[in-house]
$ cat my_file-v9.cif   # mmCIF, C-alpha atoms; chains and numbers go by the auth columns
data_upload
loop_
_atom_site.group_PDB
_atom_site.id
_atom_site.type_symbol
_atom_site.label_atom_id
_atom_site.label_comp_id
_atom_site.label_asym_id
_atom_site.label_seq_id
_atom_site.Cartn_x
_atom_site.Cartn_y
_atom_site.Cartn_z
_atom_site.B_iso_or_equiv
_atom_site.auth_seq_id
_atom_site.auth_asym_id
ATOM 1 C CA MET A 1 0.000 0.000 0.000 0.00 1 A
ATOM 2 C CA GLU A 2 1.407 3.397 -0.988 0.00 2 A
ATOM 3 C CA PRO A 3 1.668 6.082 1.718 0.00 3 A
ATOM 4 C CA MET A 4 -0.756 8.453 0.050 0.00 4 A
ATOM 5 C CA ASP A 5 -3.294 5.634 -0.296 0.00 5 A
ATOM 6 C CA ILE A 6 -3.334 5.421 3.508 0.00 6 A
ATOM 7 C CA VAL A 7 -4.708 8.928 3.897 0.00 7 A
ATOM 8 C CA GLY A 8 -6.800 8.732 0.732 0.00 8 A
ATOM 9 C CA LYS A 9 -5.192 11.680 -1.019 0.00 9 A
ATOM 10 C CA THR A 10 -2.819 12.160 -3.879 0.00 10 A
ATOM 11 C CA LYS A 11 0.546 13.784 -3.244 0.00 11 A
ATOM 12 C CA GLU A 12 -0.750 17.054 -4.699 0.00 12 A
ATOM 13 C CA ASP A 13 -3.756 17.087 -2.339 0.00 13 A
ATOM 14 C CA ALA A 14 -1.850 16.209 0.818 0.00 14 A
ATOM 15 C CA SER A 15 -0.902 19.150 2.988 0.00 15 A
ATOM 16 C CA LEU A 16 -0.315 19.766 6.669 0.00 16 A
ATOM 17 C CA PRO A 17 -0.875 22.893 8.749 0.00 17 A
ATOM 18 C CA LYS A 18 2.252 25.065 9.064 0.00 18 A
ATOM 19 C CA GLU A 19 1.963 25.043 12.865 0.00 19 A
ATOM 20 C CA PHE A 20 2.100 21.230 12.876 0.00 20 A
ATOM 21 C CA ILE A 21 5.147 21.236 10.598 0.00 21 A
ATOM 22 C CA ASN A 22 6.860 23.810 12.817 0.00 22 A
ATOM 23 C CA LEU A 23 6.079 21.801 15.955 0.00 23 A
ATOM 24 C CA ILE A 24 7.430 18.545 14.509 0.00 24 A
ATOM 25 C CA SER A 25 10.479 20.317 13.049 0.00 25 A
ATOM 26 C CA SER A 26 11.292 21.995 16.334 0.00 26 A
ATOM 27 C CA GLU A 27 10.987 18.794 18.354 0.00 27 A
ATOM 28 C CA SER A 28 12.977 16.864 15.709 0.00 28 A
ATOM 29 C CA ASN A 29 15.722 19.443 16.069 0.00 29 A
ATOM 30 C CA GLU A 30 15.674 18.998 19.865 0.00 30 A
ATOM 31 C CA VAL A 31 15.935 15.214 19.505 0.00 31 A
ATOM 32 C CA CYS A 32 18.806 15.689 17.060 0.00 32 A
ATOM 33 C CA ASN A 33 20.616 18.032 19.459 0.00 33 A
ATOM 34 C CA ARG A 34 20.180 15.637 22.395 0.00 34 A
ATOM 35 C CA GLU A 35 21.916 12.973 20.310 0.00 35 A
ATOM 36 C CA ASP A 36 24.737 15.405 19.458 0.00 36 A
ATOM 37 C CA LYS A 37 23.928 15.192 15.761 0.00 37 A
ATOM 38 C CA ARG A 38 24.103 18.068 13.321 0.00 38 A
ATOM 39 C CA THR A 39 21.577 16.866 10.755 0.00 39 A
ATOM 40 C CA ILE A 40 17.974 15.911 11.446 0.00 40 A
ATOM 41 C CA ALA A 41 17.450 12.313 10.329 0.00 41 A
ATOM 42 C CA PRO A 42 14.156 10.496 9.718 0.00 42 A
ATOM 43 C CA GLU A 43 14.629 8.704 13.044 0.00 43 A
ATOM 44 C CA HIS A 44 14.602 12.085 14.803 0.00 44 A
ATOM 45 C CA VAL A 45 11.276 12.952 13.191 0.00 45 A
ATOM 46 C CA LEU A 46 9.785 9.617 14.250 0.00 46 A
ATOM 47 C CA LYS A 47 11.017 10.146 17.816 0.00 47 A
ATOM 48 C CA ALA A 48 9.562 13.681 17.786 0.00 48 A
ATOM 49 C CA LEU A 49 6.161 12.303 16.787 0.00 49 A
ATOM 50 C CA GLU A 50 6.321 9.892 19.708 0.00 50 A
ATOM 51 C CA VAL A 51 7.442 12.544 22.219 0.00 51 A
ATOM 52 C CA LEU A 52 4.695 14.958 21.127 0.00 52 A
ATOM 53 C CA GLY A 53 1.964 12.359 21.463 0.00 53 A
ATOM 54 C CA PHE A 54 1.479 11.641 17.767 0.00 54 A
ATOM 55 C CA GLY A 55 2.572 8.014 18.044 0.00 55 A
ATOM 56 C CA GLU A 56 -0.396 6.839 16.004 0.00 56 A
ATOM 57 C CA TYR A 57 1.170 8.489 12.937 0.00 57 A
ATOM 58 C CA ILE A 58 4.565 6.824 13.196 0.00 58 A
ATOM 59 C CA GLU A 59 3.658 3.790 11.112 0.00 59 A
ATOM 60 C CA GLU A 60 2.213 5.905 8.292 0.00 60 A
ATOM 61 C CA VAL A 61 5.125 8.350 8.356 0.00 61 A
ATOM 62 C CA TYR A 62 7.608 5.494 8.278 0.00 62 A
ATOM 63 C CA ALA A 63 5.769 3.949 5.302 0.00 63 A
ATOM 64 C CA ALA A 64 5.919 7.305 3.478 0.00 64 A
ATOM 65 C CA TYR A 65 9.627 7.556 4.266 0.00 65 A
ATOM 66 C CA GLU A 66 10.294 4.061 2.890 0.00 66 A
ATOM 67 C CA GLN A 67 8.339 4.911 -0.271 0.00 67 A
ATOM 68 C CA HIS A 68 10.330 8.123 -0.649 0.00 68 A
ATOM 69 C CA LYS A 69 13.594 6.186 -0.349 0.00 69 A
ATOM 70 C CA LEU A 70 12.493 3.829 -3.124 0.00 70 A
ATOM 71 C CA GLU A 71 11.464 6.701 -5.392 0.00 71 A
ATOM 72 C CA THR A 72 14.713 8.555 -4.722 0.00 72 A
ATOM 73 C CA VAL A 73 16.860 5.518 -5.490 0.00 73 A
ATOM 74 C CA ASP A 74 14.970 4.983 -8.742 0.00 74 A
ATOM 75 C CA THR A 75 15.446 8.643 -9.696 0.00 75 A
ATOM 76 C CA VAL A 76 19.167 8.600 -8.995 0.00 76 A
ATOM 77 C CA ARG A 77 19.610 5.328 -10.857 0.00 77 A
ATOM 78 C CA ALA A 78 17.827 6.806 -13.850 0.00 78 A
ATOM 79 C CA GLY A 79 20.424 9.543 -13.913 0.00 79 A
ATOM 80 C CA LYS A 80 17.925 12.337 -13.508 0.00 80 A
ATOM 81 C CA TRP A 81 20.018 14.153 -10.914 0.00 81 A
ATOM 82 C CA SER A 82 23.545 12.897 -11.336 0.00 82 A
ATOM 83 C CA ASN A 83 24.073 14.066 -14.928 0.00 83 A
ATOM 84 C CA ASN A 84 22.527 17.521 -14.481 0.00 84 A
ATOM 85 C CA VAL A 85 24.357 18.336 -11.253 0.00 85 A
ATOM 86 C CA ALA A 86 27.732 17.206 -12.592 0.00 86 A
ATOM 87 C CA GLU A 87 27.391 19.592 -15.541 0.00 87 A
ATOM 88 C CA MET A 88 26.550 22.665 -13.418 0.00 88 A
ATOM 89 C CA THR A 89 29.056 25.284 -12.430 0.00 89 A
ATOM 90 C CA GLU A 90 29.155 26.298 -8.781 0.00 90 A
ATOM 91 C CA GLU A 91 27.335 29.546 -9.640 0.00 91 A
ATOM 92 C CA GLU A 92 24.611 27.696 -11.558 0.00 92 A
ATOM 93 C CA ALA A 93 24.155 25.244 -8.692 0.00 93 A
ATOM 94 C CA LEU A 94 23.894 28.102 -6.179 0.00 94 A
ATOM 95 C CA ALA A 95 21.354 29.925 -8.362 0.00 95 A
ATOM 96 C CA ALA A 96 19.319 26.732 -8.750 0.00 96 A
ATOM 97 C CA GLN A 97 19.423 26.134 -4.993 0.00 97 A
ATOM 98 C CA GLN A 98 18.269 29.678 -4.262 0.00 98 A
ATOM 99 C CA ARG A 99 15.455 29.332 -6.808 0.00 99 A
ATOM 100 C CA MET A 100 14.309 26.049 -5.232 0.00 100 A
ATOM 101 C CA PHE A 101 14.352 27.577 -1.739 0.00 101 A
ATOM 102 C CA ALA A 102 12.279 30.531 -2.980 0.00 102 A
ATOM 103 C CA GLU A 103 9.792 28.190 -4.670 0.00 103 A
ATOM 104 C CA ALA A 104 9.507 26.084 -1.493 0.00 104 A
ATOM 105 C CA ARG A 105 8.915 29.214 0.623 0.00 105 A
ATOM 106 C CA ALA A 106 6.265 30.371 -1.839 0.00 106 A
ATOM 107 C CA ARG A 107 4.507 26.980 -1.759 0.00 107 A
ATOM 108 C CA MET A 108 4.636 26.979 2.038 0.00 108 A
ATOM 109 C CA ASN A 109 3.026 30.430 2.080 0.00 109 A
ATOM 110 C CA GLY A 110 0.405 29.428 -0.486 0.00 110 A
ATOM 111 C CA VAL A 111 1.794 31.658 -3.238 0.00 111 A
ATOM 112 C CA VAL A 112 1.904 30.416 -6.816 0.00 112 A
ATOM 113 C CA THR A 113 5.055 31.470 -8.630 0.00 113 A
ATOM 114 C CA VAL A 114 5.724 31.798 -12.327 0.00 114 A
ATOM 115 C CA PRO A 115 9.308 30.952 -13.282 0.00 115 A
ATOM 116 C CA PRO A 116 11.199 33.894 -14.808 0.00 116 A
ATOM 117 C CA LYS A 117 11.653 33.871 -18.550 0.00 117 A
ATOM 118 C CA GLN A 118 15.161 33.057 -19.719 0.00 118 A
ATOM 119 C CA GLN A 119 16.607 35.943 -21.724 0.00 119 A
ATOM 120 C CA ASP A 120 18.574 35.462 -24.907 0.00 120 A
ATOM 121 C CA PRO A 121 22.274 36.196 -24.100 0.00 121 A
ATOM 122 C CA GLU A 122 22.389 38.682 -27.015 0.00 122 A
ATOM 123 C CA VAL A 123 19.410 40.585 -25.557 0.00 123 A
ATOM 124 C CA GLU A 124 21.105 40.690 -22.147 0.00 124 A
ATOM 125 C CA LYS A 125 24.276 42.143 -23.701 0.00 125 A
ATOM 126 C CA LYS A 126 22.215 44.916 -25.309 0.00 126 A
ATOM 127 C CA LEU A 127 20.467 45.669 -22.014 0.00 127 A
ATOM 128 C CA ASP A 128 23.831 46.048 -20.250 0.00 128 A
ATOM 129 C CA CYS A 129 24.893 48.906 -22.584 0.00 129 A
#
$ encode --input "my_file-v9.cif" --output "structure tokens"
Amino acid sequence: MEPMDIVGKTKEDASLPKEFINLISSESNEVCNREDKRTIAPEHVLKALEVLGFGEYIEEVYAAYEQHKLETVDTVRAGKWSNNVAEMTEEEALAAQQRMFAEARARMNGVVTVPPKQQDPEVEKKLDC
């Protein structure tokens, strides 16, 4: 059974209140810090759910995590990420990262963004004059 089937929603329809996300994130960070770790791991999130009294969600969250791992492995094996990232310059990678962060913030705030149009390099040269 796929994780989204459990809650009866597609990935696009599934959303959680920001306050819930903040609560789980904060507690996950505390669990991480208590274990002297620098990066929040899935195990920290599961422990946070337990500590905060949301133990009934652990099984579903773990199933979603396992599904995500399978999808990620398939994506990496297909070369979707590895080829594109290897061809990027450091500046391009930084710009892409900043764009993705901005898009994530916009989605979190319920704002729909339209990606900027790519200018022709010749047009950009003329604009610089």
$ resolve_selection --input "my_file-v9.cif" --expression "the PyMOL selection byres ((chain A and resi 29) around 9)" --output "ChimeraX atom specification"
/A:24-28,30-34,38-40,44-45,48
$ atom_distance --input "my_file-v9.cif" --atom1 "atom CA of A:Glu66" --atom2 "atom CA of A:Ala104"
22.5 Å
$ atom_distance --input "my_file-v9.cif" --atom1 "atom CA of A:Phe54" --atom2 "atom CA of A:Ile21"
12.5 Å
$ atom_distance --input "my_file-v9.cif" --atom1 "atom CA of A:Lys47" --atom2 "atom CA of A:Glu60"
13.6 Å
